[in-house]
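> Have a peek at target-v5.pdb (PDB, C-alpha atoms).
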ATOM      1  CA  MET N  20      20.323   3.160 -14.677  1.00  0.00           C
ATOM      2  CA  LYS N  21      16.556   3.824 -14.658  1.00  0.00           C
ATOM      3  CA  LEU N  22      16.007   0.579 -16.537  1.00  0.00           C
ATOM      4  CA  ALA N  23      18.024  -1.304 -13.922  1.00  0.00           C
ATOM      5  CA  LYS N  24      15.920   0.185 -11.100  1.00  0.00           C
ATOM      6  CA  ARG N  25      12.670  -0.726 -12.853  1.00  0.00           C
ATOM      7  CA  LEU N  26      14.014  -4.232 -13.495  1.00  0.00           C
ATOM      8  CA  VAL N  27      14.754  -4.657  -9.782  1.00  0.00           C
ATOM      9  CA  LEU N  28      11.240  -3.455  -8.847  1.00  0.00           C
ATOM     10  CA  THR N  29       9.650  -5.722 -11.457  1.00  0.00           C
ATOM     11  CA  THR N  30      11.724  -8.714 -10.351  1.00  0.00           C
ATOM     12  CA  THR N  31      10.737  -8.042  -6.737  1.00  0.00           C
ATOM     13  CA  ALA N  32       7.064  -7.842  -7.698  1.00  0.00           C
ATOM     14  CA  VAL N  33       7.228 -11.118  -9.660  1.00  0.00           C
ATOM     15  CA  ALA N  34       8.966 -12.838  -6.754  1.00  0.00           C
ATOM     16  CA  ALA N  35       6.285 -11.550  -4.384  1.00  0.00           C
ATOM     17  CA  VAL N  36       3.494 -12.815  -6.614  1.00  0.00           C
ATOM     18  CA  THR N  37       5.158 -16.213  -6.865  1.00  0.00           C
ATOM     19  CA  ALA N  38       5.662 -16.433  -3.100  1.00  0.00           C
ATOM     20  CA  GLY N  39       2.104 -15.253  -2.463  1.00  0.00           C
ATOM     21  CA  THR N  40       0.725 -17.928  -4.752  1.00  0.00           C
ATOM     22  CA  LEU N  41       2.667 -20.633  -2.935  1.00  0.00           C
ATOM     23  CA  PHE N  42       1.212 -19.590   0.409  1.00  0.00           C
ATOM     24  CA  SER N  43      -2.281 -18.710  -0.810  1.00  0.00           C
ATOM     25  CA  ALA N  44      -4.170 -21.559   0.842  1.00  0.00           C
ATOM     26  CA  THR N  45      -2.768 -20.873   4.316  1.00  0.00           C
ATOM     27  CA  VAL N  46      -3.096 -17.096   4.156  1.00  0.00           C
ATOM     28  CA  GLY N  47      -6.529 -17.232   2.530  1.00  0.00           C
ATOM     29  CA  GLN N  48      -7.868 -19.494   5.290  1.00  0.00           C
ATOM     30  CA  ALA N  49      -6.357 -17.261   7.984  1.00  0.00           C
ATOM     31  CA  ALA N  50      -7.835 -14.106   6.444  1.00  0.00           C
ATOM     32  CA  THR N  51     -11.371 -15.494   6.300  1.00  0.00           C
ATOM     33  CA  SER N  52     -11.335 -16.801   9.852  1.00  0.00           C
ATOM     34  CA  GLN N  53     -10.617 -13.431  11.496  1.00  0.00           C
ATOM     35  CA  PRO N  54     -13.492 -11.619  13.189  1.00  0.00           C
ATOM     36  CA  ALA N  55     -14.521  -8.190  11.848  1.00  0.00           C
ATOM     37  CA  ARG N  56     -12.793  -5.303  13.587  1.00  0.00           C
ATOM     38  CA  THR N  57     -14.205  -1.820  14.114  1.00  0.00           C
ATOM     39  CA  GLY N  58     -11.152   0.355  13.400  1.00  0.00           C
ATOM     40  CA  VAL N  59      -7.542   1.265  14.014  1.00  0.00           C
ATOM     41  CA  ASP N  60      -5.931   4.287  15.663  1.00  0.00           C
ATOM     42  CA  ALA N  61      -5.802   7.116  13.135  1.00  0.00           C
ATOM     43  CA  PRO N  62      -5.736  10.912  13.221  1.00  0.00           C
ATOM     44  CA  ALA N  63      -9.218  12.482  13.264  1.00  0.00           C
ATOM     45  CA  ALA N  64      -8.753  13.753   9.686  1.00  0.00           C
ATOM     46  CA  LEU N  65      -8.338  10.145   8.507  1.00  0.00           C
ATOM     47  CA  LYS N  66     -11.290   8.532  10.246  1.00  0.00           C
ATOM     48  CA  VAL N  67     -13.371   6.266   8.022  1.00  0.00           C
ATOM     49  CA  PRO N  68     -17.046   7.274   7.852  1.00  0.00           C
ATOM     50  CA  ASP N  69     -19.573   5.377   9.939  1.00  0.00           C
ATOM     51  CA  GLY N  70     -21.132   2.420   8.167  1.00  0.00           C
ATOM     52  CA  ASN N  71     -17.787   0.809   7.260  1.00  0.00           C
ATOM     53  CA  ARG N  72     -15.961  -2.005   9.033  1.00  0.00           C
ATOM     54  CA  LEU N  73     -12.278  -2.869   9.151  1.00  0.00           C
ATOM     55  CA  THR N  74     -11.580  -6.029   7.137  1.00  0.00           C
ATOM     56  CA  GLY N  75      -7.785  -6.166   6.900  1.00  0.00           C
ATOM     57  CA  VAL N  76      -4.608  -4.621   8.290  1.00  0.00           C
ATOM     58  CA  PHE N  77      -1.328  -5.146   6.454  1.00  0.00           C
ATOM     59  CA  SER N  78       2.244  -4.016   6.971  1.00  0.00           C
ATOM     60  CA  ALA N  79       4.044  -2.743   3.883  1.00  0.00           C
ATOM     61  CA  ALA N  80       7.592  -2.028   2.768  1.00  0.00           C
ATOM     62  CA  GLY N  81       8.767  -0.671  -0.535  1.00  0.00           C
ATOM     63  CA  VAL N  82       9.732   2.528  -2.307  1.00  0.00           C
ATOM     64  CA  GLN N  83       8.249   5.821  -3.387  1.00  0.00           C
ATOM     65  CA  THR N  84       9.730   6.587  -6.813  1.00  0.00           C
ATOM     66  CA  TYR N  85      10.125  10.226  -7.807  1.00  0.00           C
ATOM     67  CA  THR N  86      10.895  11.728 -11.206  1.00  0.00           C
ATOM     68  CA  CYS N  87      12.329  15.114 -12.094  1.00  0.00           C
ATOM     69  CA  ALA N  88       9.733  17.596 -13.393  1.00  0.00           C
ATOM     70  CA  ASP N  89      10.753  21.208 -14.014  1.00  0.00           C
ATOM     71  CA  GLY N  90      13.735  20.934 -11.667  1.00  0.00           C
ATOM     72  CA  ALA N  91      11.805  19.455  -8.741  1.00  0.00           C
ATOM     73  CA  TRP N  92      11.047  15.912  -7.572  1.00  0.00           C
ATOM     74  CA  LYS N  93       7.481  14.742  -8.233  1.00  0.00           C
ATOM     75  CA  LEU N  94       5.935  11.411  -7.181  1.00  0.00           C
ATOM     76  CA  LEU N  95       5.899   8.924 -10.057  1.00  0.00           C
ATOM     77  CA  GLU N  96       4.732   5.752  -8.322  1.00  0.00           C
ATOM     78  CA  PRO N  97       4.822   3.644  -5.188  1.00  0.00           C
ATOM     79  CA  ALA N  98       5.929   0.009  -5.220  1.00  0.00           C
ATOM     80  CA  ALA N  99       5.437  -2.033  -2.066  1.00  0.00           C
ATOM     81  CA  THR N 100       4.810  -5.545  -0.820  1.00  0.00           C
ATOM     82  CA  LEU N 101       2.169  -6.089   1.871  1.00  0.00           C
ATOM     83  CA  TRP N 102       1.952  -8.889   4.418  1.00  0.00           C
ATOM     84  CA  ALA N 103      -0.428  -9.704   7.272  1.00  0.00           C
ATOM     85  CA  LYS N 104       0.278  -7.331  10.166  1.00  0.00           C
ATOM     86  CA  ASN N 105       1.206 -10.087  12.631  1.00  0.00           C
ATOM     87  CA  ASP N 106       3.056 -12.384  10.183  1.00  0.00           C
ATOM     88  CA  ARG N 107       6.672 -12.478  11.343  1.00  0.00           C
ATOM     89  CA  THR N 108       7.742 -14.268   8.148  1.00  0.00           C
ATOM     90  CA  HIS N 109       6.428 -11.375   5.997  1.00  0.00           C
ATOM     91  CA  ARG N 110       4.801 -13.690   3.447  1.00  0.00           C
ATOM     92  CA  PRO N 111       3.606 -11.387   0.635  1.00  0.00           C
ATOM     93  CA  VAL N 112      -0.166 -11.217   0.315  1.00  0.00           C
ATOM     94  CA  ALA N 113      -0.532  -8.095  -1.847  1.00  0.00           C
ATOM     95  CA  LEU N 114       1.332  -5.665  -4.078  1.00  0.00           C
ATOM     96  CA  HIS N 115       0.848  -1.889  -4.098  1.00  0.00           C
ATOM     97  CA  SER N 116       1.634   0.184  -7.178  1.00  0.00           C
ATOM     98  CA  ARG N 117       0.731   3.192  -9.316  1.00  0.00           C
ATOM     99  CA  GLY N 118      -2.937   4.016  -9.450  1.00  0.00           C
ATOM    100  CA  PRO N 119      -2.807   3.684  -6.524  1.00  0.00           C
ATOM    101  CA  VAL N 120      -3.843   0.048  -6.655  1.00  0.00           C
ATOM    102  CA  TRP N 121      -3.488  -2.918  -4.287  1.00  0.00           C
ATOM    103  CA  VAL N 122      -3.607  -6.402  -5.834  1.00  0.00           C
ATOM    104  CA  SER N 123      -3.906  -9.579  -3.779  1.00  0.00           C
ATOM    105  CA  THR N 124      -1.251 -12.160  -4.640  1.00  0.00           C
ATOM    106  CA  VAL N 125      -3.486 -14.717  -2.929  1.00  0.00           C
ATOM    107  CA  ASP N 126      -6.743 -14.379  -4.866  1.00  0.00           C
ATOM    108  CA  GLY N 127      -6.179 -11.720  -7.575  1.00  0.00           C
ATOM    109  CA  SER N 128      -8.723  -9.278  -6.181  1.00  0.00           C
ATOM    110  CA  ALA N 129      -7.801  -5.586  -6.392  1.00  0.00           C
ATOM    111  CA  VAL N 130      -8.813  -2.124  -5.256  1.00  0.00           C
ATOM    112  CA  ASN N 131      -8.019   1.241  -6.831  1.00  0.00           C
ATOM    113  CA  ALA N 132      -8.407   4.342  -4.678  1.00  0.00           C
ATOM    114  CA  ALA N 133      -7.909   8.103  -4.593  1.00  0.00           C
ATOM    115  CA  ALA N 134      -6.693  10.171  -1.643  1.00  0.00           C
ATOM    116  CA  ILE N 135      -9.421  12.279  -0.033  1.00  0.00           C
ATOM    117  CA  ALA N 136      -7.600  13.422   3.138  1.00  0.00           C
ATOM    118  CA  ASN N 137      -4.069  13.543   4.500  1.00  0.00           C
ATOM    119  CA  SER N 138      -2.319  14.040   7.808  1.00  0.00           C
ATOM    120  CA  PRO N 139       1.235  15.383   7.378  1.00  0.00           C
ATOM    121  CA  LYS N 140       4.035  13.927   9.477  1.00  0.00           C
ATOM    122  CA  THR N 141       7.470  15.471   9.907  1.00  0.00           C
ATOM    123  CA  GLY N 142      10.249  13.544   8.166  1.00  0.00           C
ATOM    124  CA  THR N 143       8.013  11.027   6.395  1.00  0.00           C
ATOM    125  CA  ILE N 144       5.315  10.803   3.750  1.00  0.00           C
ATOM    126  CA  PRO N 145       1.879  11.820   5.045  1.00  0.00           C
ATOM    127  CA  GLU N 146      -0.706   9.415   6.354  1.00  0.00           C
ATOM    128  CA  LEU N 147      -3.713   9.188   4.022  1.00  0.00           C
ATOM    129  CA  LEU N 148      -7.379   8.339   3.813  1.00  0.00           C
ATOM    130  CA  LEU N 149      -8.251   6.976   0.371  1.00  0.00           C
ATOM    131  CA  GLN N 150     -11.670   6.187  -1.057  1.00  0.00           C
ATOM    132  CA  SER N 151     -12.156   3.281  -3.417  1.00  0.00           C
ATOM    133  CA  THR N 152     -12.720   4.162  -7.070  1.00  0.00           C
ATOM    134  CA  ALA N 153     -12.966   0.556  -8.316  1.00  0.00           C
ATOM    135  CA  THR N 154     -12.593  -3.035  -7.115  1.00  0.00           C
ATOM    136  CA  ARG N 155     -12.356  -6.367  -8.916  1.00  0.00           C
ATOM    137  CA  GLY N 156     -12.584  -9.998  -7.970  1.00  0.00           C
ATOM    138  CA  THR N 157     -14.275 -11.803  -5.120  1.00  0.00           C
ATOM    139  CA  GLY N 158     -11.376 -11.998  -2.661  1.00  0.00           C
ATOM    140  CA  VAL N 159      -9.883  -9.895   0.091  1.00  0.00           C
ATOM    141  CA  PHE N 160     -10.110  -6.556  -1.779  1.00  0.00           C
ATOM    142  CA  ALA N 161     -13.588  -7.112  -3.283  1.00  0.00           C
ATOM    143  CA  GLY N 162     -15.965  -4.376  -2.172  1.00  0.00           C
ATOM    144  CA  VAL N 163     -13.327  -2.307  -0.322  1.00  0.00           C
ATOM    145  CA  SER N 164     -14.706   1.188   0.324  1.00  0.00           C
ATOM    146  CA  TYR N 165     -11.803   2.940   2.111  1.00  0.00           C
ATOM    147  CA  VAL N 166      -8.066   2.511   2.670  1.00  0.00           C
ATOM    148  CA  GLN N 167      -5.953   4.174   5.350  1.00  0.00           C
ATOM    149  CA  ARG N 168      -2.166   4.573   5.016  1.00  0.00           C
ATOM    150  CA  LEU N 169      -0.893   4.859   8.585  1.00  0.00           C
ATOM    151  CA  ASP N 170       2.338   4.594  10.603  1.00  0.00           C
ATOM    152  CA  THR N 171       4.423   5.906   7.690  1.00  0.00           C
ATOM    153  CA  HIS N 172       8.230   5.936   7.833  1.00  0.00           C
ATOM    154  CA  GLY N 173      10.510   7.353   5.119  1.00  0.00           C
ATOM    155  CA  GLY N 174       9.587   7.775   1.462  1.00  0.00           C
ATOM    156  CA  VAL N 175      10.135  11.546   1.371  1.00  0.00           C
ATOM    157  CA  ALA N 176      11.278  13.116  -1.899  1.00  0.00           C
ATOM    158  CA  PRO N 177      14.761  14.644  -1.905  1.00  0.00           C
ATOM    159  CA  THR N 178      14.880  18.392  -1.266  1.00  0.00           C
ATOM    160  CA  THR N 179      17.723  18.902  -3.733  1.00  0.00           C
ATOM    161  CA  ALA N 180      17.157  20.140  -7.266  1.00  0.00           C
ATOM    162  CA  CYS N 181      17.137  17.655 -10.136  1.00  0.00           C
ATOM    163  CA  THR N 182      17.746  17.794 -13.852  1.00  0.00           C
ATOM    164  CA  GLY N 183      16.431  16.161 -16.982  1.00  0.00           C
ATOM    165  CA  THR N 184      14.555  12.915 -16.493  1.00  0.00           C
ATOM    166  CA  ASP N 185      16.304  11.803 -13.300  1.00  0.00           C
ATOM    167  CA  GLN N 186      14.495   9.293 -11.110  1.00  0.00           C
ATOM    168  CA  ILE N 187      15.093   8.206  -7.537  1.00  0.00           C
ATOM    169  CA  SER N 188      13.438   5.582  -5.315  1.00  0.00           C
ATOM    170  CA  VAL N 189      13.184   6.232  -1.576  1.00  0.00           C
ATOM    171  CA  ARG N 190      12.442   3.386   0.848  1.00  0.00           C
ATOM    172  CA  TYR N 191       9.300   3.609   2.980  1.00  0.00           C
ATOM    173  CA  SER N 192       7.124   1.514   5.237  1.00  0.00           C
ATOM    174  CA  ALA N 193       3.515   1.895   6.335  1.00  0.00           C
ATOM    175  CA  THR N 194       0.471   0.111   7.639  1.00  0.00           C
ATOM    176  CA  TYR N 195      -2.530  -0.165   5.318  1.00  0.00           C
ATOM    177  CA  ALA N 196      -6.021  -0.674   6.764  1.00  0.00           C
ATOM    178  CA  PHE N 197      -8.852  -1.747   4.431  1.00  0.00           C
ATOM    179  CA  TYR N 198     -12.565  -1.197   5.068  1.00  0.00           C
ATOM    180  CA  LYS N 199     -15.776  -2.479   3.505  1.00  0.00           C
ATOM    181  CA  PRO N 200     -19.360  -1.318   4.004  1.00  0.00           C
ATOM    182  CA  ALA N 201     -20.882  -2.826   7.154  1.00  0.00           C
ATOM    183  CA  LYS N 202     -23.618  -5.341   6.417  1.00  0.00           C
TER     184      LYS N 202
END
In C-alpha coordinates, write the structure found in this file.


Amino acid sequence: MKLAKRLVLTTTAVAAVTAGTLFSATVGQAATSQPARTGVDAPAALKVPDGNRLTGVFSAAGVQTYTCADGAWKLLEPAATLWAKNDRTHRPVALHSRGPVWVSTVDGSAVNAAAIANSPKTGTIPELLLQSTATRGTGVFAGVSYVQRLDTHGGVAPTTACTGTDQISVRYSATYAFYKPAK
(Lines of atoms letter the chains of each structure in order from A and count residues from 1; the text may use other names and numbers.)
(Lines give C-alpha, C1' and ligand atoms only; values in the text may rest on other atoms or scores of the structure.)
Protein backbone atom coordinates (compact mmCIF):
# COMPACT_ATOMS: atom_id res chain seq x y z
CA MET A 1 0.00 0.00 0.00
CA LYS A 2 2.82 2.43 0.88
CA LEU A 3 4.47 1.66 -2.45
CA ALA A 4 1.23 2.47 -4.26
CA LYS A 5 0.96 5.83 -2.47
CA ARG A 6 4.56 6.73 -3.31
CA LEU A 7 3.96 5.68 -6.92
CA VAL A 8 0.96 8.01 -7.14
CA LEU A 9 2.99 10.91 -5.68
CA THR A 10 5.90 10.20 -8.02
CA THR A 11 3.61 9.93 -11.05
CA THR A 12 1.98 13.23 -10.08
CA ALA A 13 5.37 14.90 -9.73
CA VAL A 14 6.54 13.61 -13.14
CA ALA A 15 3.32 14.80 -14.75
CA ALA A 16 3.77 18.22 -13.16
CA VAL A 17 7.34 18.49 -14.41
CA THR A 18 6.25 17.51 -17.91
CA ALA A 19 3.39 20.02 -17.90
CA GLY A 20 5.65 22.73 -16.48
CA THR A 21 8.20 22.15 -19.22
CA LEU A 22 5.54 22.48 -21.90
CA PHE A 23 4.43 25.85 -20.56
CA SER A 24 7.86 27.15 -19.56
CA ALA A 25 8.19 29.88 -22.18
CA THR A 26 4.85 31.50 -21.34
CA VAL A 27 5.21 31.26 -17.57
CA GLY A 28 8.86 32.31 -17.62
CA GLN A 29 8.05 35.46 -19.61
CA ALA A 30 5.14 36.29 -17.30
CA ALA A 31 7.27 35.82 -14.17
CA THR A 32 10.02 38.16 -15.36
CA SER A 33 7.66 40.91 -16.43
CA GLN A 34 6.04 41.38 -13.00
CA PRO A 35 7.09 44.37 -10.92
CA ALA A 36 8.75 43.74 -7.53
CA ARG A 37 6.30 43.66 -4.64
CA THR A 38 7.02 44.67 -1.05
CA GLY A 39 5.20 41.94 0.89
CA VAL A 40 2.08 39.95 1.63
CA ASP A 41 -0.22 39.87 4.66
CA ALA A 42 1.35 37.64 7.30
CA PRO A 43 1.25 37.32 11.08
CA ALA A 44 3.84 39.50 12.85
CA ALA A 45 5.85 36.40 13.85
CA LEU A 46 6.31 35.56 10.15
CA LYS A 47 7.38 38.95 8.83
CA VAL A 48 10.41 38.84 6.55
CA PRO A 49 13.29 41.04 7.75
CA ASP A 50 13.82 44.43 6.14
CA GLY A 51 16.15 44.38 3.17
CA ASN A 52 14.23 41.65 1.31
CA ARG A 53 11.69 42.03 -1.48
CA LEU A 54 8.84 39.78 -2.54
CA THR A 55 9.64 38.09 -5.86
CA GLY A 56 6.94 35.43 -6.23
CA VAL A 57 3.63 34.26 -4.78
CA PHE A 58 2.37 30.77 -5.62
CA SER A 59 -0.66 28.72 -4.66
CA ALA A 60 0.03 25.11 -3.71
CA ALA A 61 -1.91 21.89 -3.27
CA GLY A 62 -0.62 18.52 -2.21
CA VAL A 63 -0.18 16.28 0.80
CA GLN A 64 1.65 16.15 4.10
CA THR A 65 2.80 12.54 4.55
CA TYR A 66 3.16 11.22 8.08
CA THR A 67 4.82 8.03 9.31
CA CYS A 68 4.33 6.13 12.54
CA ALA A 69 7.14 6.64 15.07
CA ASP A 70 6.78 5.18 18.57
CA GLY A 71 2.99 5.01 18.28
CA ALA A 72 2.52 8.60 17.12
CA TRP A 73 2.31 10.29 13.71
CA LYS A 74 5.43 12.23 12.70
CA LEU A 75 5.90 14.33 9.55
CA LEU A 76 7.82 12.42 6.88
CA GLU A 77 7.55 14.76 3.90
CA PRO A 78 5.42 17.24 2.01
CA ALA A 79 4.60 16.81 -1.68
CA ALA A 80 2.89 19.68 -3.48
CA THR A 81 2.54 21.33 -6.85
CA LEU A 82 2.76 25.13 -7.06
CA TRP A 83 1.24 27.43 -9.67
CA ALA A 84 1.15 31.20 -10.16
CA LYS A 85 -1.28 32.70 -7.64
CA ASN A 86 -3.61 34.18 -10.27
CA ASP A 87 -3.39 31.33 -12.83
CA ARG A 88 -6.87 29.84 -13.05
CA THR A 89 -5.58 26.90 -15.11
CA HIS A 90 -3.17 25.89 -12.30
CA ARG A 91 -0.27 25.25 -14.68
CA PRO A 92 2.49 23.73 -12.51
CA VAL A 93 5.54 25.95 -12.14
CA ALA A 94 7.24 24.29 -9.16
CA LEU A 95 7.31 21.18 -6.99
CA HIS A 96 7.69 21.15 -3.20
CA SER A 97 9.12 18.14 -1.39
CA ARG A 98 11.21 16.87 1.51
CA GLY A 99 14.06 19.10 2.54
CA PRO A 100 12.04 21.24 2.39
CA VAL A 101 12.90 22.14 -1.18
CA TRP A 102 11.07 23.94 -3.99
CA VAL A 103 12.18 23.17 -7.56
CA SER A 104 11.05 25.19 -10.57
CA THR A 105 9.61 23.03 -13.35
CA VAL A 106 10.17 26.00 -15.66
CA ASP A 107 13.89 26.65 -15.26
CA GLY A 108 15.26 24.02 -12.83
CA SER A 109 16.25 26.52 -10.16
CA ALA A 110 15.70 25.43 -6.54
CA VAL A 111 15.72 26.64 -2.96
CA ASN A 112 16.16 24.64 0.24
CA ALA A 113 15.04 26.24 3.49
CA ALA A 114 14.61 25.64 7.22
CA ALA A 115 11.75 26.87 9.40
CA ILE A 116 12.75 29.69 11.77
CA ALA A 117 9.29 30.77 13.02
CA ASN A 118 5.74 29.46 13.02
CA SER A 119 2.24 30.75 13.64
CA PRO A 120 -0.15 27.98 14.75
CA LYS A 121 -3.64 27.84 13.27
CA THR A 122 -6.51 25.77 14.64
CA GLY A 123 -7.45 22.82 12.45
CA THR A 124 -4.60 23.18 9.95
CA ILE A 125 -0.83 22.99 9.71
CA PRO A 126 0.90 26.12 11.00
CA GLU A 127 1.98 29.01 8.84
CA LEU A 128 5.78 29.25 8.63
CA LEU A 129 8.68 31.58 7.98
CA LEU A 130 11.60 29.69 6.45
CA GLN A 131 15.11 30.93 5.76
CA SER A 132 17.03 29.74 2.74
CA THR A 133 19.86 27.29 3.40
CA ALA A 134 20.86 26.83 -0.26
CA THR A 135 19.79 27.81 -3.78
CA ARG A 136 20.79 26.59 -7.23
CA GLY A 137 20.34 27.77 -10.77
CA THR A 138 19.73 31.18 -12.28
CA GLY A 139 15.93 31.14 -12.48
CA VAL A 140 13.00 32.04 -10.28
CA PHE A 141 14.40 30.49 -7.07
CA ALA A 142 18.01 31.69 -7.52
CA GLY A 143 19.07 33.84 -4.59
CA VAL A 144 15.87 33.32 -2.56
CA SER A 145 16.48 34.40 1.05
CA TYR A 146 13.12 33.68 2.75
CA VAL A 147 9.94 31.68 2.14
CA GLN A 148 6.59 32.16 3.86
CA ARG A 149 3.96 29.39 4.02
CA LEU A 150 0.65 31.21 4.47
CA ASP A 151 -3.11 30.62 4.15
CA THR A 152 -2.76 26.96 5.14
CA HIS A 153 -5.72 24.56 4.96
CA GLY A 154 -5.65 20.91 6.06
CA GLY A 155 -2.54 18.73 6.29
CA VAL A 156 -2.89 17.97 10.01
CA ALA A 157 -1.60 14.63 11.29
CA PRO A 158 -4.21 12.21 12.61
CA THR A 159 -4.72 12.28 16.38
CA THR A 160 -5.24 8.52 16.56
CA ALA A 161 -2.48 6.14 17.59
CA CYS A 162 -0.58 4.22 14.92
CA THR A 163 1.41 1.02 14.78
CA GLY A 164 4.46 -0.32 13.02
CA THR A 165 5.54 1.56 9.93
CA ASP A 166 2.13 2.91 8.93
CA GLN A 167 2.04 5.96 6.68
CA ILE A 168 -0.76 8.34 5.80
CA SER A 169 -0.98 11.32 3.43
CA VAL A 170 -3.25 14.23 4.35
CA ARG A 171 -4.29 16.79 1.72
CA TYR A 172 -3.33 20.43 2.26
CA SER A 173 -3.18 23.73 0.45
CA ALA A 174 -1.19 26.89 1.11
CA THR A 175 0.24 30.02 -0.41
CA TYR A 176 4.03 30.27 -0.66
CA ALA A 177 5.70 33.69 -0.87
CA PHE A 178 9.37 33.89 -1.94
CA TYR A 179 11.75 36.76 -1.13
CA LYS A 180 15.19 37.81 -2.33
CA PRO A 181 17.56 40.43 -0.93
CA ALA A 182 16.63 43.92 -2.14
CA LYS A 183 19.17 45.39 -4.54

> Would you kindly translate the PyMOL selection byres ((chain N and resi 169) around 8) into the concrete residues it picks from this file, as a ChimeraX atom specification?

/N:61,146-147,167-168,170-171,193-196

> Skip Ser123 (chain N) itself and residues of its chain fewer than 3 positions away, then list as a list in words all residues within 6 Å of it, counting all atoms listed in the file.

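Near neighbours after the sequence-gap exclusion: Val112, Ala113, Asp126, Gly127 and Ser128 of chain N.
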
> Pick the closest to Thr124 (chain N) from N:Pro111, N:Gly183, N:Asp60, N:Pro145: which is it, counting only C-alpha atoms?

N:Pro111

> Assuming the chain letters and numbering stay as they are in my file, what does the PyMOL selection byres ((chain N and resi 159) around 9) actually select? List them as a list in words.

Gly47, Ala50, Thr51, Thr74, Gly75, Ser123, Val125, Asp126, Gly127, Ser128, Ala129, Gly156, Thr157, Gly158, Phe160, Ala161, Gly162 and Val163 of chain N

> Pick out the closest residue to Arg155 (chain N) from this set: N:Cys181, N:Gln186, N:Trp121, N:Val82. Count all atoms listed in the file.

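Closest to Arg155 (chain N) of all the choices is N:Trp121.
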